[in-house]
Amino acid sequence: MKIYQKEIQLPEFKRGYHIITNILVEAVPELQTIAIGQFQAFIKHTSASLTINENADPTVREDFESHINKMIPENMPYYKHDYEGADDMPAHIKSSMLGCQVQIPITKGKLNLGTWQGIYLGEHRNYGGNRKIVITVFGAE
Amino acid sequence: MKIYQKEIQLPEFKRGYHIITNILVEAVPELQTIAIGQFQAFIKHTSASLTINENADPTVREDFESHINKMIPENMPYYKHDYEGADDMPAHIKSSMLGCQVQIPITKGKLNLGTWQGIYLGEHRNYGGNRKIVITVFGAE
Amino acid sequence: MKIYQKEIQLPEFKRGYHIITNILVEAVPELQTIAIGQFQAFIKHTSASLTINENADPTVREDFESHINKMIPENMPYYKHDYEGADDMPAHIKSSMLGCQVQIPITKGKLNLGTWQGIYLGEHRNYGGNRKIVITVFGAE
């Protein structure tokens with residue numbers, strides 16, 4: 001078994017959900033040499049997230065933003081951690097609810113995703129900046 | 001270290017939460033040869049999920065269905081992605097909240113789960129069909 | 001590639017969110033020998049969770065407790081699984097929403113976390129007792 005790792009910095013994305021599958025896959029060409037393995041992307045932030053969801057219809061990503069904002073709203077009266085802005089504490093909770101990593105099987109040199117699956121960046125801050133992601137790929141040739 | 005992978009298709013399950021630990025374990029007999037390792041099950045769909053929870057009392061699974069339906073309801077006025085039915089958009093959000101994969105330590109040829117832990121399939125569509133799962137097992141003999 | 005595994009028992013923590021990064025890292029000194037790899041911590045319980053979040057300001061952890069209690073409250077009229085106490089069924093749902101494991105890249109013998117990331121234990125029971133965690137570490141020297 002072999003293992004490869006790479007750290008990348010994303011372009012800045014606006015608040016919401018964005019498909020970044022191709023950016024991540026293109027960063028590790030070594031995955032094409034792996035017959036059976038796993039691919040992990042890990043985001044090094046606590047106010048953004050990585051998750052897998054529908055890759056075709058942009059309204060799914062808009063509905064994610066609408067409903068998750070309702071589940072985890074800004075300005076709840078009991079929030080104490082508010083000095084970084086109203087979007088900050090909800091961003092932390094969203095990050096843990098959606099998770100900061102995706103772990104995907106590799107089969108014959110490709111991510112073995114379902115037809116409709118893509119990797120979402122959840123950007124939960126209004127101005128999140130350039131997010132850093134560590135990609136680890138391992139398996140057998 | 002060795003690695004094995006298998007793709008299976010589940011029987012059709014009705015909407016709700018179902019324990020599928022045995023189906024997954026029986027699909028990869030190679031895991032019995034691994035002394036220390038990891039087991040991953042990855043569901044190739046965006047309207048179903050895999051999670052770990054209580055394996056004994058069926059009312060836990062019923063309460064999951066009741067409360068998660070309340071957290072992530074159908075027919076919210078702001079949903080735009082509605083052409084596949086009222087159960088579709090909530091299914092996508094549930095899938096990302098619960099996750100599409102479980103990653104479990106292997107110890108002495110067995111999943112090293114707690115006494116009360118089992119693997120749940122979350123079927124979030126009314127008629128979800130036969131779900132596909134990729135199982136990857138790796139470790140040292 | 002090499003793989004190591006260890007099972008530990010945590011001290012008892014009170015209900016809420018607690019940073020346990022150092023406890024977990026110190027349990028597996030072998031991770032210092034891994035140049036590229038992954039670290040997994042898996043909690044063997046269905047009423048506690050492991051997640052990654054902000055490691056500096058304790059009010060983030062207090063806000064987690066406040067808001068997640070609101071998202072997943074006690075005593076909902078439809079809960080059927082109530083014989084272990086009002087805190088039990090919400091604890092199961094929280095465990096699946098936050099997850100029972102964290103999987104973190106290892107780079108040059110250390111967890112490759114972001115500056116502000118730490119590993120949270122989510123203790124969701126009023127009296128959860130001593131929780132068991134399996135740590136698996138693998139990679140290349």
# chains A, B, ... in the order shown; residues from 1 in each chain; ligands from 1
$ select_by_dssp --residues "stretch 11-134 of chain A" --states "alpha helix (DSSP H)" --output "count of residues only"
32
$ interface_residues --of "chain A" --to "chain C" --cutoff "10 Å" --atoms "only C-alpha atoms" --output "ChimeraX atom specification"
/A:1-7,40-47,71-73,76,78-82,88-90,92-93,95-103,132-139
$ calpha_fit_and_write --fixed "chain C" --moving "chain A" --output "mmCIF file with C-alpha atoms, in the first residue's frame"
data_model
loop_
_atom_site.group_PDB
_atom_site.id
_atom_site.type_symbol
_atom_site.label_atom_id
_atom_site.label_comp_id
_atom_site.auth_asym_id
_atom_site.auth_seq_id
_atom_site.Cartn_x
_atom_site.Cartn_y
_atom_site.Cartn_z
ATOM 1 C CA MET A 1 2.758 1.453 5.746
ATOM 2 C CA LYS A 2 2.350 0.678 9.416
ATOM 3 C CA ILE A 3 -0.715 0.626 11.661
ATOM 4 C CA TYR A 4 -1.147 0.944 15.434
ATOM 5 C CA GLN A 5 -4.214 0.738 17.635
ATOM 6 C CA LYS A 6 -5.009 1.452 21.257
ATOM 7 C CA GLU A 7 -8.176 1.457 23.362
ATOM 8 C CA ILE A 8 -8.410 3.974 26.193
ATOM 9 C CA GLN A 9 -10.948 4.948 28.808
ATOM 10 C CA LEU A 10 -11.591 8.642 29.397
ATOM 11 C CA PRO A 11 -12.033 10.207 32.821
ATOM 12 C CA GLU A 12 -15.684 11.026 33.518
ATOM 13 C CA PHE A 13 -16.757 14.338 31.965
ATOM 14 C CA LYS A 14 -19.891 16.269 32.800
ATOM 15 C CA ARG A 15 -22.617 16.875 30.219
ATOM 16 C CA GLY A 16 -21.408 19.300 27.537
ATOM 17 C CA TYR A 17 -18.426 19.678 25.232
ATOM 18 C CA HIS A 18 -14.802 19.119 26.250
ATOM 19 C CA ILE A 19 -11.469 19.385 24.406
ATOM 20 C CA ILE A 20 -9.637 16.061 24.566
ATOM 21 C CA THR A 21 -6.984 16.467 21.835
ATOM 22 C CA ASN A 22 -4.030 16.033 24.186
ATOM 23 C CA ILE A 23 -5.463 12.957 25.916
ATOM 24 C CA LEU A 24 -5.886 11.241 22.560
ATOM 25 C CA VAL A 25 -2.516 12.242 21.091
ATOM 26 C CA GLU A 26 -0.582 11.222 24.202
ATOM 27 C CA ALA A 27 -2.170 7.755 24.118
ATOM 28 C CA VAL A 28 -0.424 6.875 20.826
ATOM 29 C CA PRO A 29 3.229 8.015 20.863
ATOM 30 C CA GLU A 30 3.745 5.928 17.694
ATOM 31 C CA LEU A 31 2.107 8.705 15.697
ATOM 32 C CA GLN A 32 5.336 10.683 16.041
ATOM 33 C CA THR A 33 7.022 8.117 13.778
ATOM 34 C CA ILE A 34 4.541 8.590 10.920
ATOM 35 C CA ALA A 35 5.491 11.046 8.189
ATOM 36 C CA ILE A 36 2.240 10.819 6.220
ATOM 37 C CA GLY A 37 -0.840 9.096 7.542
ATOM 38 C CA GLN A 38 -4.183 9.246 9.298
ATOM 39 C CA PHE A 39 -5.350 9.245 12.909
ATOM 40 C CA GLN A 40 -8.791 8.002 13.885
ATOM 41 C CA ALA A 41 -10.525 8.227 17.233
ATOM 42 C CA PHE A 42 -13.765 6.219 17.527
ATOM 43 C CA ILE A 43 -16.040 6.421 20.584
ATOM 44 C CA LYS A 44 -17.777 3.145 21.460
ATOM 45 C CA HIS A 45 -21.028 4.722 22.674
ATOM 46 C CA THR A 46 -24.332 5.910 21.219
ATOM 47 C CA SER A 47 -24.988 8.799 23.612
ATOM 48 C CA ALA A 48 -21.699 10.674 23.231
ATOM 49 C CA SER A 49 -19.871 12.033 20.186
ATOM 50 C CA LEU A 50 -16.539 13.153 18.781
ATOM 51 C CA THR A 51 -16.256 16.236 16.577
ATOM 52 C CA ILE A 52 -13.719 18.924 15.703
ATOM 53 C CA ASN A 53 -14.254 22.568 16.596
ATOM 54 C CA GLU A 54 -12.837 25.766 18.059
ATOM 55 C CA ASN A 55 -10.153 25.100 20.664
ATOM 56 C CA ALA A 56 -9.650 28.488 22.338
ATOM 57 C CA ASP A 57 -12.820 30.127 23.614
ATOM 58 C CA PRO A 58 -14.832 28.102 26.160
ATOM 59 C CA THR A 59 -18.011 30.035 25.293
ATOM 60 C CA VAL A 60 -18.093 28.214 21.934
ATOM 61 C CA ARG A 61 -18.543 24.952 23.844
ATOM 62 C CA GLU A 62 -21.233 26.529 26.039
ATOM 63 C CA ASP A 63 -23.087 27.802 22.966
ATOM 64 C CA PHE A 64 -22.846 24.295 21.444
ATOM 65 C CA GLU A 65 -24.627 22.928 24.498
ATOM 66 C CA SER A 66 -27.298 25.667 24.450
ATOM 67 C CA HIS A 67 -28.159 25.486 20.771
ATOM 68 C CA ILE A 68 -27.913 21.735 20.224
ATOM 69 C CA ASN A 69 -30.229 21.263 23.231
ATOM 70 C CA LYS A 70 -32.685 23.510 21.402
ATOM 71 C CA MET A 71 -32.353 21.625 18.092
ATOM 72 C CA ILE A 72 -32.699 18.257 19.824
ATOM 73 C CA PRO A 73 -34.756 18.862 22.988
ATOM 74 C CA GLU A 74 -35.771 16.553 25.811
ATOM 75 C CA ASN A 75 -39.352 15.407 26.431
ATOM 76 C CA MET A 76 -40.716 15.699 22.901
ATOM 77 C CA PRO A 77 -44.247 14.246 23.038
ATOM 78 C CA TYR A 78 -43.500 11.703 20.289
ATOM 79 C CA TYR A 79 -40.433 10.146 21.967
ATOM 80 C CA LYS A 80 -41.124 6.483 22.758
ATOM 81 C CA HIS A 81 -37.652 5.558 24.031
ATOM 82 C CA ASP A 82 -37.855 7.305 27.420
ATOM 83 C CA TYR A 83 -37.244 4.661 30.106
ATOM 84 C CA GLU A 84 -33.572 5.605 30.559
ATOM 85 C CA GLY A 85 -34.405 9.229 31.381
ATOM 86 C CA ALA A 86 -35.266 12.430 29.524
ATOM 87 C CA ASP A 87 -31.647 12.988 28.478
ATOM 88 C CA ASP A 88 -31.285 9.596 26.755
ATOM 89 C CA MET A 89 -33.159 9.834 23.452
ATOM 90 C CA PRO A 90 -31.786 13.331 22.649
ATOM 91 C CA ALA A 91 -28.312 11.937 23.428
ATOM 92 C CA HIS A 92 -28.733 9.246 20.758
ATOM 93 C CA ILE A 93 -29.798 11.770 18.106
ATOM 94 C CA LYS A 94 -26.964 14.175 19.013
ATOM 95 C CA SER A 95 -24.473 11.297 18.717
ATOM 96 C CA SER A 96 -25.515 10.573 15.137
ATOM 97 C CA MET A 97 -25.739 14.257 14.158
ATOM 98 C CA LEU A 98 -22.220 15.026 15.403
ATOM 99 C CA GLY A 99 -20.746 11.595 14.706
ATOM 100 C CA CYS A 100 -18.851 9.035 16.747
ATOM 101 C CA GLN A 101 -15.461 9.399 15.078
ATOM 102 C CA VAL A 102 -12.887 11.891 13.839
ATOM 103 C CA GLN A 103 -10.360 11.096 11.118
ATOM 104 C CA ILE A 104 -7.435 13.517 10.920
ATOM 105 C CA PRO A 105 -4.407 13.677 8.589
ATOM 106 C CA ILE A 106 -0.987 13.055 10.127
ATOM 107 C CA THR A 107 1.900 15.073 8.705
ATOM 108 C CA LYS A 108 5.487 14.805 9.975
ATOM 109 C CA GLY A 109 4.549 12.992 13.170
ATOM 110 C CA LYS A 110 1.757 15.359 14.216
ATOM 111 C CA LEU A 111 -1.987 15.811 13.718
ATOM 112 C CA ASN A 112 -2.333 18.260 10.828
ATOM 113 C CA LEU A 113 -5.099 20.343 12.398
ATOM 114 C CA GLY A 114 -5.815 23.994 11.699
ATOM 115 C CA THR A 115 -4.665 26.550 14.257
ATOM 116 C CA TRP A 116 -8.086 26.739 15.899
ATOM 117 C CA GLN A 117 -9.112 23.088 15.650
ATOM 118 C CA GLY A 118 -9.369 20.753 18.629
ATOM 119 C CA ILE A 119 -11.111 17.420 19.214
ATOM 120 C CA TYR A 120 -14.341 17.745 21.212
ATOM 121 C CA LEU A 121 -15.897 15.031 23.319
ATOM 122 C CA GLY A 122 -19.643 15.628 23.255
ATOM 123 C CA GLU A 123 -20.991 14.135 26.487
ATOM 124 C CA HIS A 124 -24.743 14.040 25.955
ATOM 125 C CA ARG A 125 -25.858 12.190 29.102
ATOM 126 C CA ASN A 126 -26.221 13.824 32.525
ATOM 127 C CA TYR A 127 -24.091 11.020 34.004
ATOM 128 C CA GLY A 128 -22.268 9.378 31.111
ATOM 129 C CA GLY A 129 -19.516 7.601 33.016
ATOM 130 C CA ASN A 130 -16.112 6.652 31.626
ATOM 131 C CA ARG A 131 -16.254 6.583 27.843
ATOM 132 C CA LYS A 132 -14.128 4.174 25.793
ATOM 133 C CA ILE A 133 -12.286 5.308 22.670
ATOM 134 C CA VAL A 134 -10.387 3.228 20.094
ATOM 135 C CA ILE A 135 -7.521 5.104 18.458
ATOM 136 C CA THR A 136 -6.114 3.827 15.154
ATOM 137 C CA VAL A 137 -3.047 5.405 13.561
ATOM 138 C CA PHE A 138 -1.593 4.375 10.209
ATOM 139 C CA GLY A 139 0.723 5.639 7.504
ATOM 140 C CA ALA A 140 4.257 5.668 6.140
ATOM 141 C CA GLU A 141 7.474 6.526 8.002
#
$ select_by_dssp --residues "chain A" --states "strand (DSSP E)" --output "VMD selection string"
chain A and resid 2 to 9 16 to 19 36 to 43 48 to 54 101 to 107 110 to 111 117 to 123 132 to 140
